[in-house]
Protein chains: 4
Amino acid sequence: MSPRRRDAEGTAVARAGRRAELLATAAEVFASQGYSATTVRQVADAAGILGGSLYYHFDSKESMADEILSTFLDDMWAAYDRVLDAGLSARDTLEAVVVESFRSIDKHRPAVVLYQNESKHLATSERFRYLLDSQRRFEEMWLSLLDRGVEEGAFRADLDRTLIYRFIRDTVWVAANWYQHGGRLSADDIAKQYLAMFLEGIRAS
Amino acid sequence: MSPRRRDAEGTAVARAGRRAELLATAAEVFASQGYSATTVRQVADAAGILGGSLYYHFDSKESMADEILSTFLDDMWAAYDRVLDAGLSARDTLEAVVVESFRSIDKHRPAVVLYQNESKHLATSERFRYLLDSQRRFEEMWLSLLDRGVEEGAFRADLDRTLIYRFIRDTVWVAANWYQHGGRLSADDIAKQYLAMFLEGIRAS
Amino acid sequence: MSPRRRDAEGTAVARAGRRAELLATAAEVFASQGYSATTVRQVADAAGILGGSLYYHFDSKESMADEILSTFLDDMWAAYDRVLDAGLSARDTLEAVVVESFRSIDKHRPAVVLYQNESKHLATSERFRYLLDSQRRFEEMWLSLLDRGVEEGAFRADLDRTLIYRFIRDTVWVAANWYQHGGRLSADDIAKQYLAMFLEGIRAS
Amino acid sequence: MSPRRRDAEGTAVARAGRRAELLATAAEVFASQGYSATTVRQVADAAGILGGSLYYHFDSKESMADEILSTFLDDMWAAYDRVLDAGLSARDTLEAVVVESFRSIDKHRPAVVLYQNESKHLATSERFRYLLDSQRRFEEMWLSLLDRGVEEGAFRADLDRTLIYRFIRDTVWVAANWYQHGGRLSADDIAKQYLAMFLEGIRAS
DNA sequence: GATGAATGAGTATTCATTCAT
DNA sequence: CATGAATGAATACTCATTCAT
């Protein structure tokens, strides 16, 4: 590898690093103030630059949201796909999916919050159609998983499966609003306890 | 009742009715688009009047949100207080509180969505301090209820009580995002099935 | 005079009285807040009625200003004309004109303030052309009076006559801003002392 | 001085220059149309930019008025203080103060007009409290100056000192409404003739 | 890479005015 | 005479975006 080559790569890496840095900042601000209520200037302030300077890195405010959300979703689906391809039982799959979900929250917390709060609003634009696609795939995955669990005799059959799906989905993902990396309970701790509740309930046996 | 008396009352009632009508419209639009992303003009359009005309009835966009939220919270706490004063066991109280929560969602769906999505953002303003107060009281109520349930031998003691609180709170209230009055499942139906999951889990016994 | 006639007259008089009352209120508010900064609603509030109700009495905000100003100017010029037609010396005329000016201020204080502060602004509209006419006539009257005074040997000839005119005009009329009917000094008292200063100056002789 | 240093200073100076330029334009428009009757767009038009662009430089319309007025008052008081600290007789002080007043009018004409016409209105806001403070200090200065003049045997004692104060104050400052820099009479010319009238009156001796 | 200044479309809000009751 | 509700144009102000330097 020639020095020149290495240099160019170094620059590219640095540039990508700066980009990621700015996106992390933007995600944080979007998550805490809401996407619509956040001004580009606030993002820039948080990044220590002036408003206009963001446009050297990104086309628009929307494209920041786009990149934040698609990065998170790609990463999440990669993890889900690893689980789904592992040939586990329905019950073990459910556990693994929930664990992976909390790991996603741990890794992409602001992006998850953004997704939760703004995806309905953003999805009206063509550019964010993939949000709906992801949601649809997500629902199909869960419903078939729950069906399989009933077939395998692992899950109760007396409950509305759509309701169970929403129950689990909501509970898990909304946790991004209060989860804190490095807090008292790790993402895996929370996953474990949530799974206990999903599976056993809170009643003293 | 003299005709004059009836007339005056009729006018007052009509006025209050118009106000409530406009607030219901505003809540609907705020809930579906997000408070910040909603323009006053959109609210007015939905109400069939012009943007400026809203200001005959309300001081500001903020005061609409204020009235929507405080009406909902007052109503919800009245229902909660009736339950809490009834002298029920922890388990029965939990059931009743969850049922009342879904009834609140049924009655104030857009207000609940608004509360969910915007209260963090709005609460930065002094005017909305009561949102934080309500939240704090809500948490205290739940934590002491869960403690009492453990003492009464009704609930498991091996789980983090704060986690249980958040688990239930999130699951119940986020349901406002998809709940539809007059849908396949009534609010009471959903409450019943959610309670089954909270208490027993989804595992086949 | 038939009862019917008296009645109609009574009504007409009452109506004119109400009109004058409202105009007095409006003038007061215009004077204290400025015409542009005053809303029709503020005038109505001060009159104890609702904003829209003013339009039963007046065509527009502008027409209120119009009536206030023209009433004042008509009255002032009537007084001036009486003085000017009396065949007095220049010096006695000057004294009488200043006295009449302060009497106008006493009688029409808010109108004078309105005239002072807004006539330049209002006079851009065709409807208020008479303000400019009045001003022009006023200036001519003063300049010829001052000239006559010099000819009669009553006034100094070493000063710029336009400057003297502005000096006196400004000093007299601006007093409307602080003059209070029923205050420590009557309009005639102030006129007397102002005349002493105009004519003799403040130097100890 | 390094080139870099000079460059940075050049930019800072340019920025301050642009600000001052815009303020001068705004003052001109405010003075000619009245503050309330002037729209931000009119100011921007006069400056050759768009309405919104003004907000890059100033927080609000009010803050423009603030800066215009405080700049004028600071400058005026600096001049007054130089005079008051010079240890002159009451009569000479009066002359010097009047001269400085006309120089202020010459230098800050639109600001003075703004001050005259809008200070009562603006001073209702906390932000403009300094207008009242200045007025109060102004009155105190004049009253004690007039008192001293009487003690020194320079001024007549038979006139109401508050009336004299208002007489002079009004006459001098209202002149800003018609004074034109570069007109037939310079500020010093006018001051001289006004002083002649104040001190000697217009009567032929 | 970043800045400073501007754009221009949009946003909440105001307000003179209208009009059926 | 007065009210209550609305209109619609204007207003101060915001903000995503652009671009020469």
# chains A, B, ... in the order shown; residues from 1 in each chain; ligands from 1
>>> interface_residues(of="chain D", to="chain F", cutoff="10 Å", atoms="only C-alpha atoms (C1' of nucleotides)", output="NGL selection string")
:D and (39-41 or 51-52 or 55 or 59-61)
>>> select_by_dssp(residues="range 20-141 of chain D", states="alpha helix (DSSP H)", output="short mmCIF file (atom, residue, chain, number, x, y, z; two decimals) with N, CA and C atoms, in the first residue's frame")
data_model
loop_
_atom_site.label_atom_id
_atom_site.label_comp_id
_atom_site.auth_asym_id
_atom_site.auth_seq_id
_atom_site.Cartn_x
_atom_site.Cartn_y
_atom_site.Cartn_z
N ALA D 20 -24.19 48.98 12.60
CA ALA D 20 -24.44 50.41 12.74
C ALA D 20 -25.22 50.94 11.54
N GLU D 21 -24.85 50.44 10.38
CA GLU D 21 -25.51 50.83 9.14
C GLU D 21 -27.00 50.49 9.20
N LEU D 22 -27.26 49.26 9.60
CA LEU D 22 -28.65 48.81 9.67
C LEU D 22 -29.42 49.60 10.72
N LEU D 23 -28.75 49.88 11.83
CA LEU D 23 -29.42 50.65 12.88
C LEU D 23 -29.74 52.06 12.41
N ALA D 24 -28.82 52.64 11.66
CA ALA D 24 -29.07 53.99 11.14
C ALA D 24 -30.29 53.98 10.22
N THR D 25 -30.34 52.96 9.37
CA THR D 25 -31.49 52.84 8.48
C THR D 25 -32.78 52.67 9.28
N ALA D 26 -32.73 51.77 10.23
CA ALA D 26 -33.92 51.51 11.05
C ALA D 26 -34.38 52.78 11.75
N ALA D 27 -33.42 53.51 12.32
CA ALA D 27 -33.76 54.73 13.05
C ALA D 27 -34.46 55.71 12.13
N GLU D 28 -33.93 55.84 10.93
CA GLU D 28 -34.52 56.74 9.94
C GLU D 28 -35.97 56.38 9.68
N VAL D 29 -36.22 55.11 9.46
CA VAL D 29 -37.57 54.68 9.14
C VAL D 29 -38.49 54.82 10.35
N PHE D 30 -37.99 54.40 11.50
CA PHE D 30 -38.79 54.55 12.72
C PHE D 30 -39.17 56.02 12.94
N ALA D 31 -38.20 56.88 12.72
CA ALA D 31 -38.45 58.30 12.97
C ALA D 31 -39.48 58.85 12.01
N SER D 32 -39.42 58.40 10.77
CA SER D 32 -40.31 59.03 9.80
C SER D 32 -41.73 58.44 9.81
N GLN D 33 -41.85 57.18 10.21
CA GLN D 33 -43.18 56.57 10.19
C GLN D 33 -43.75 56.30 11.56
N VAL D 40 -41.21 45.64 10.12
CA VAL D 40 -39.84 45.16 9.98
C VAL D 40 -39.47 45.09 8.50
N ARG D 41 -40.45 44.76 7.71
CA ARG D 41 -40.21 44.66 6.27
C ARG D 41 -39.80 46.01 5.68
N GLN D 42 -40.43 47.06 6.18
CA GLN D 42 -40.07 48.39 5.67
C GLN D 42 -38.63 48.74 6.01
N VAL D 43 -38.22 48.37 7.21
CA VAL D 43 -36.82 48.59 7.59
C VAL D 43 -35.91 47.81 6.66
N ALA D 44 -36.26 46.55 6.46
CA ALA D 44 -35.43 45.69 5.62
C ALA D 44 -35.38 46.23 4.20
N ASP D 45 -36.53 46.63 3.67
CA ASP D 45 -36.56 47.21 2.32
C ASP D 45 -35.59 48.38 2.23
N ALA D 46 -35.67 49.24 3.22
CA ALA D 46 -34.81 50.43 3.21
C ALA D 46 -33.35 50.03 3.27
N ALA D 47 -33.08 48.86 3.84
CA ALA D 47 -31.68 48.40 3.94
C ALA D 47 -31.29 47.55 2.75
N LEU D 54 -32.96 40.55 8.67
CA LEU D 54 -32.62 41.44 9.79
C LEU D 54 -32.38 40.64 11.07
N TYR D 55 -33.04 39.50 11.14
CA TYR D 55 -32.96 38.72 12.37
C TYR D 55 -31.63 37.98 12.51
N TYR D 56 -30.83 38.03 11.50
CA TYR D 56 -29.47 37.54 11.66
C TYR D 56 -28.69 38.52 12.53
N HIS D 57 -29.02 39.77 12.44
CA HIS D 57 -28.27 40.81 13.15
C HIS D 57 -28.92 41.21 14.47
N LYS D 61 -37.46 43.53 16.64
CA LYS D 61 -37.69 44.93 16.32
C LYS D 61 -37.39 45.78 17.57
N GLU D 62 -37.84 45.29 18.70
CA GLU D 62 -37.64 46.00 19.95
C GLU D 62 -36.16 46.20 20.24
N SER D 63 -35.36 45.18 19.97
CA SER D 63 -33.95 45.30 20.29
C SER D 63 -33.26 46.32 19.39
N MET D 64 -33.81 46.54 18.21
CA MET D 64 -33.27 47.61 17.36
C MET D 64 -33.54 48.96 18.02
N ALA D 65 -34.78 49.15 18.41
CA ALA D 65 -35.13 50.41 19.09
C ALA D 65 -34.25 50.59 20.33
N ASP D 66 -34.07 49.51 21.05
CA ASP D 66 -33.25 49.56 22.25
C ASP D 66 -31.84 50.08 21.94
N GLU D 67 -31.23 49.46 20.96
CA GLU D 67 -29.85 49.83 20.65
C GLU D 67 -29.76 51.25 20.12
N ILE D 68 -30.73 51.64 19.32
CA ILE D 68 -30.76 53.01 18.79
C ILE D 68 -30.85 54.02 19.93
N LEU D 69 -31.77 53.77 20.84
CA LEU D 69 -32.01 54.73 21.91
C LEU D 69 -30.86 54.76 22.91
N SER D 70 -30.36 53.61 23.28
CA SER D 70 -29.31 53.61 24.31
C SER D 70 -28.01 54.21 23.76
N THR D 71 -27.74 53.98 22.49
CA THR D 71 -26.56 54.59 21.89
C THR D 71 -26.66 56.11 21.95
N PHE D 72 -27.82 56.61 21.56
CA PHE D 72 -28.03 58.05 21.60
C PHE D 72 -27.90 58.59 23.03
N LEU D 73 -28.56 57.95 23.96
CA LEU D 73 -28.56 58.48 25.32
C LEU D 73 -27.16 58.43 25.95
N ASP D 74 -26.44 57.36 25.69
CA ASP D 74 -25.08 57.27 26.23
C ASP D 74 -24.23 58.43 25.72
N ASP D 75 -24.36 58.66 24.43
CA ASP D 75 -23.58 59.72 23.81
C ASP D 75 -23.98 61.09 24.37
N MET D 76 -25.27 61.29 24.49
CA MET D 76 -25.76 62.58 24.99
C MET D 76 -25.29 62.83 26.42
N TRP D 77 -25.39 61.81 27.24
CA TRP D 77 -24.99 62.02 28.63
C TRP D 77 -23.49 62.22 28.78
N ALA D 78 -22.74 61.58 27.90
CA ALA D 78 -21.29 61.81 27.95
C ALA D 78 -21.00 63.30 27.70
N ALA D 79 -21.69 63.85 26.71
CA ALA D 79 -21.49 65.28 26.40
C ALA D 79 -21.96 66.16 27.56
N TYR D 80 -23.14 65.84 28.10
CA TYR D 80 -23.65 66.61 29.23
C TYR D 80 -22.67 66.56 30.40
N ASP D 81 -22.16 65.37 30.68
CA ASP D 81 -21.29 65.23 31.84
C ASP D 81 -20.02 66.07 31.68
N ARG D 82 -19.52 66.11 30.46
CA ARG D 82 -18.35 66.97 30.23
C ARG D 82 -18.67 68.41 30.58
N VAL D 83 -19.86 68.86 30.19
CA VAL D 83 -20.25 70.24 30.47
C VAL D 83 -20.44 70.45 31.98
N LEU D 84 -21.15 69.53 32.59
CA LEU D 84 -21.48 69.70 34.01
C LEU D 84 -20.24 69.66 34.90
N ALA D 90 -24.01 79.07 36.16
CA ALA D 90 -25.30 78.49 35.75
C ALA D 90 -25.65 78.94 34.34
N ARG D 91 -25.47 80.21 34.09
CA ARG D 91 -25.82 80.73 32.78
C ARG D 91 -24.97 80.11 31.68
N ASP D 92 -23.68 80.03 31.91
CA ASP D 92 -22.81 79.42 30.90
C ASP D 92 -23.10 77.93 30.76
N THR D 93 -23.44 77.30 31.87
CA THR D 93 -23.80 75.88 31.80
C THR D 93 -25.04 75.70 30.95
N LEU D 94 -26.04 76.55 31.20
CA LEU D 94 -27.26 76.45 30.41
C LEU D 94 -26.96 76.60 28.92
N GLU D 95 -26.15 77.57 28.62
CA GLU D 95 -25.80 77.77 27.20
C GLU D 95 -25.13 76.53 26.62
N ALA D 96 -24.17 76.01 27.39
CA ALA D 96 -23.42 74.85 26.89
C ALA D 96 -24.31 73.63 26.75
N VAL D 97 -25.24 73.47 27.68
CA VAL D 97 -26.13 72.30 27.61
C VAL D 97 -27.04 72.42 26.38
N VAL D 98 -27.54 73.60 26.14
CA VAL D 98 -28.40 73.76 24.97
C VAL D 98 -27.61 73.51 23.69
N VAL D 99 -26.40 74.04 23.65
CA VAL D 99 -25.56 73.79 22.47
C VAL D 99 -25.33 72.30 22.28
N GLU D 100 -25.01 71.62 23.38
CA GLU D 100 -24.77 70.17 23.26
C GLU D 100 -26.03 69.42 22.85
N SER D 101 -27.16 69.92 23.29
CA SER D 101 -28.43 69.27 22.92
C SER D 101 -28.63 69.35 21.41
N PHE D 102 -28.38 70.53 20.86
CA PHE D 102 -28.55 70.66 19.41
C PHE D 102 -27.50 69.85 18.66
N ARG D 103 -26.33 69.71 19.26
CA ARG D 103 -25.34 68.85 18.60
C ARG D 103 -25.78 67.39 18.63
N SER D 104 -26.44 67.00 19.72
CA SER D 104 -26.99 65.64 19.79
C SER D 104 -28.07 65.45 18.73
N ILE D 105 -28.90 66.47 18.59
CA ILE D 105 -29.93 66.39 17.57
C ILE D 105 -29.30 66.25 16.19
N ASP D 106 -28.23 67.00 16.00
CA ASP D 106 -27.55 66.95 14.71
C ASP D 106 -26.99 65.57 14.44
N LYS D 107 -26.45 64.97 15.49
CA LYS D 107 -25.76 63.69 15.32
C LYS D 107 -26.72 62.50 15.35
N HIS D 108 -27.78 62.63 16.12
CA HIS D 108 -28.67 61.47 16.32
C HIS D 108 -30.13 61.81 16.00
N ARG D 109 -30.34 62.65 15.01
CA ARG D 109 -31.69 63.13 14.78
C ARG D 109 -32.77 62.05 14.81
N PRO D 110 -32.65 60.97 14.05
CA PRO D 110 -33.75 60.00 14.08
C PRO D 110 -33.93 59.37 15.46
N ALA D 111 -32.83 59.14 16.15
CA ALA D 111 -32.95 58.57 17.49
C ALA D 111 -33.69 59.52 18.42
N VAL D 112 -33.43 60.80 18.27
CA VAL D 112 -34.10 61.78 19.13
C VAL D 112 -35.60 61.80 18.84
N VAL D 113 -35.94 61.75 17.56
CA VAL D 113 -37.36 61.73 17.21
C VAL D 113 -38.02 60.48 17.80
N LEU D 114 -37.34 59.37 17.66
CA LEU D 114 -37.86 58.12 18.23
C LEU D 114 -38.06 58.28 19.73
N TYR D 115 -37.07 58.83 20.36
CA TYR D 115 -37.14 59.04 21.80
C TYR D 115 -38.34 59.92 22.16
N GLN D 116 -38.49 61.02 21.48
CA GLN D 116 -39.60 61.93 21.71
C GLN D 116 -40.95 61.24 21.58
N ASN D 117 -41.12 60.51 20.48
CA ASN D 117 -42.45 60.04 20.15
C ASN D 117 -42.82 58.72 20.80
N GLU D 118 -41.82 57.90 21.10
CA GLU D 118 -42.16 56.55 21.53
C GLU D 118 -41.71 56.19 22.93
N SER D 119 -40.95 57.07 23.57
CA SER D 119 -40.39 56.62 24.84
C SER D 119 -41.48 56.36 25.86
N LYS D 120 -42.53 57.15 25.86
CA LYS D 120 -43.60 56.90 26.83
C LYS D 120 -44.20 55.51 26.59
N HIS D 121 -44.40 55.21 25.37
CA HIS D 121 -44.98 53.93 24.99
C HIS D 121 -44.04 52.77 25.30
N LEU D 122 -42.77 52.93 24.91
CA LEU D 122 -41.80 51.84 25.12
C LEU D 122 -41.51 51.61 26.58
N ARG D 129 -36.61 50.55 30.89
CA ARG D 129 -36.66 51.32 32.12
C ARG D 129 -35.63 52.46 32.11
N TYR D 130 -34.54 52.24 31.44
CA TYR D 130 -33.48 53.26 31.44
C TYR D 130 -33.95 54.56 30.80
N LEU D 131 -35.00 54.47 30.00
CA LEU D 131 -35.55 55.70 29.44
C LEU D 131 -36.10 56.59 30.55
N LEU D 132 -36.80 55.97 31.47
CA LEU D 132 -37.35 56.73 32.59
C LEU D 132 -36.23 57.26 33.49
N ASP D 133 -35.24 56.42 33.72
CA ASP D 133 -34.11 56.85 34.54
C ASP D 133 -33.46 58.08 33.94
N SER D 134 -33.25 58.02 32.63
CA SER D 134 -32.61 59.15 31.95
C SER D 134 -33.47 60.41 32.10
N GLN D 135 -34.76 60.22 31.91
CA GLN D 135 -35.67 61.36 32.01
C GLN D 135 -35.61 62.00 33.38
N ARG D 136 -35.59 61.14 34.39
CA ARG D 136 -35.57 61.62 35.77
C ARG D 136 -34.27 62.40 36.04
N ARG D 137 -33.18 61.83 35.59
CA ARG D 137 -31.90 62.48 35.80
C ARG D 137 -31.86 63.81 35.07
N PHE D 138 -32.46 63.81 33.89
CA PHE D 138 -32.51 65.00 33.07
C PHE D 138 -33.25 66.11 33.79
N GLU D 139 -34.39 65.75 34.34
CA GLU D 139 -35.19 66.75 35.05
C GLU D 139 -34.45 67.31 36.26
N GLU D 140 -33.83 66.39 37.01
CA GLU D 140 -33.08 66.84 38.19
C GLU D 140 -31.97 67.81 37.80
N MET D 141 -31.26 67.46 36.75
CA MET D 141 -30.18 68.32 36.29
C MET D 141 -30.69 69.72 35.98
#
>>> interface_residues(of="chain E", to="chain C", cutoff="10 Å", atoms="only C-alpha atoms (C1' of nucleotides)", output="MDAnalysis selection string")
chainID E and resid 14:19
>>> write_last_selection(atoms="N, CA and C atoms (P, O5', C5', C4', C3', O3' and C1' of nucleotides)", output="PDB file, in the first residue's frame")
ATOM      1  P    DT E  14     -51.348  37.308  19.863  1.00  0.00           P
ATOM      2  O5'  DT E  14     -51.611  38.426  18.753  1.00  0.00           O
ATOM      3  C5'  DT E  14     -50.508  39.139  18.238  1.00  0.00           C
ATOM      4  C4'  DT E  14     -51.005  40.232  17.332  1.00  0.00           C
ATOM      5  C3'  DT E  14     -52.221  41.002  17.853  1.00  0.00           C
ATOM      6  O3'  DT E  14     -51.942  42.373  17.623  1.00  0.00           O
ATOM      7  C1'  DT E  14     -52.689  40.154  15.708  1.00  0.00           C
ATOM      8  P    DC E  15     -52.753  43.511  18.363  1.00  0.00           P
ATOM      9  O5'  DC E  15     -53.750  43.993  17.229  1.00  0.00           O
ATOM     10  C5'  DC E  15     -53.259  44.131  15.905  1.00  0.00           C
ATOM     11  C4'  DC E  15     -54.400  44.373  14.958  1.00  0.00           C
ATOM     12  C3'  DC E  15     -55.674  44.922  15.620  1.00  0.00           C
ATOM     13  O3'  DC E  15     -56.188  45.949  14.817  1.00  0.00           O
ATOM     14  C1'  DC E  15     -56.188  43.015  14.363  1.00  0.00           C
ATOM     15  P    DA E  16     -56.951  47.191  15.450  1.00  0.00           P
ATOM     16  O5'  DA E  16     -57.754  47.713  14.196  1.00  0.00           O
ATOM     17  C5'  DA E  16     -57.039  48.012  13.013  1.00  0.00           C
ATOM     18  C4'  DA E  16     -57.871  47.658  11.800  1.00  0.00           C
ATOM     19  C3'  DA E  16     -59.259  48.295  11.775  1.00  0.00           C
ATOM     20  O3'  DA E  16     -59.554  48.659  10.429  1.00  0.00           O
ATOM     21  C1'  DA E  16     -59.477  45.943  11.740  1.00  0.00           C
ATOM     22  P    DT E  17     -60.896  49.466  10.149  1.00  0.00           P
ATOM     23  O5'  DT E  17     -61.911  48.309   9.802  1.00  0.00           O
ATOM     24  C5'  DT E  17     -61.597  47.419   8.725  1.00  0.00           C
ATOM     25  C4'  DT E  17     -62.582  46.275   8.695  1.00  0.00           C
ATOM     26  C3'  DT E  17     -64.063  46.667   8.811  1.00  0.00           C
ATOM     27  O3'  DT E  17     -64.663  46.393   7.556  1.00  0.00           O
ATOM     28  C1'  DT E  17     -63.556  44.695  10.038  1.00  0.00           C
ATOM     29  P    DT E  18     -66.181  46.723   7.271  1.00  0.00           P
ATOM     30  O5'  DT E  18     -66.866  45.287   7.446  1.00  0.00           O
ATOM     31  C5'  DT E  18     -66.344  44.197   6.724  1.00  0.00           C
ATOM     32  C4'  DT E  18     -67.176  42.958   7.013  1.00  0.00           C
ATOM     33  C3'  DT E  18     -68.687  43.188   6.991  1.00  0.00           C
ATOM     34  O3'  DT E  18     -69.263  42.139   6.214  1.00  0.00           O
ATOM     35  C1'  DT E  18     -68.072  42.150   9.010  1.00  0.00           C
ATOM     36  P    DC E  19     -70.708  42.344   5.542  1.00  0.00           P
ATOM     37  O5'  DC E  19     -71.594  41.384   6.455  1.00  0.00           O
ATOM     38  C5'  DC E  19     -71.113  40.088   6.799  1.00  0.00           C
ATOM     39  C4'  DC E  19     -71.975  39.508   7.897  1.00  0.00           C
ATOM     40  C3'  DC E  19     -73.409  40.058   7.949  1.00  0.00           C
ATOM     41  O3'  DC E  19     -74.287  38.985   8.225  1.00  0.00           O
ATOM     42  C1'  DC E  19     -72.424  40.246  10.040  1.00  0.00           C
TER      43       DC E  19
END
>>> interface_residues(of="chain C", to="chain D", cutoff="9 Å", atoms="only C-alpha atoms", output="MDAnalysis selection string")
chainID C and resid 32:37 91 117:118 120:121 150 153:157 159:160 163:164 166:172 174:175 190 193:194 196:205
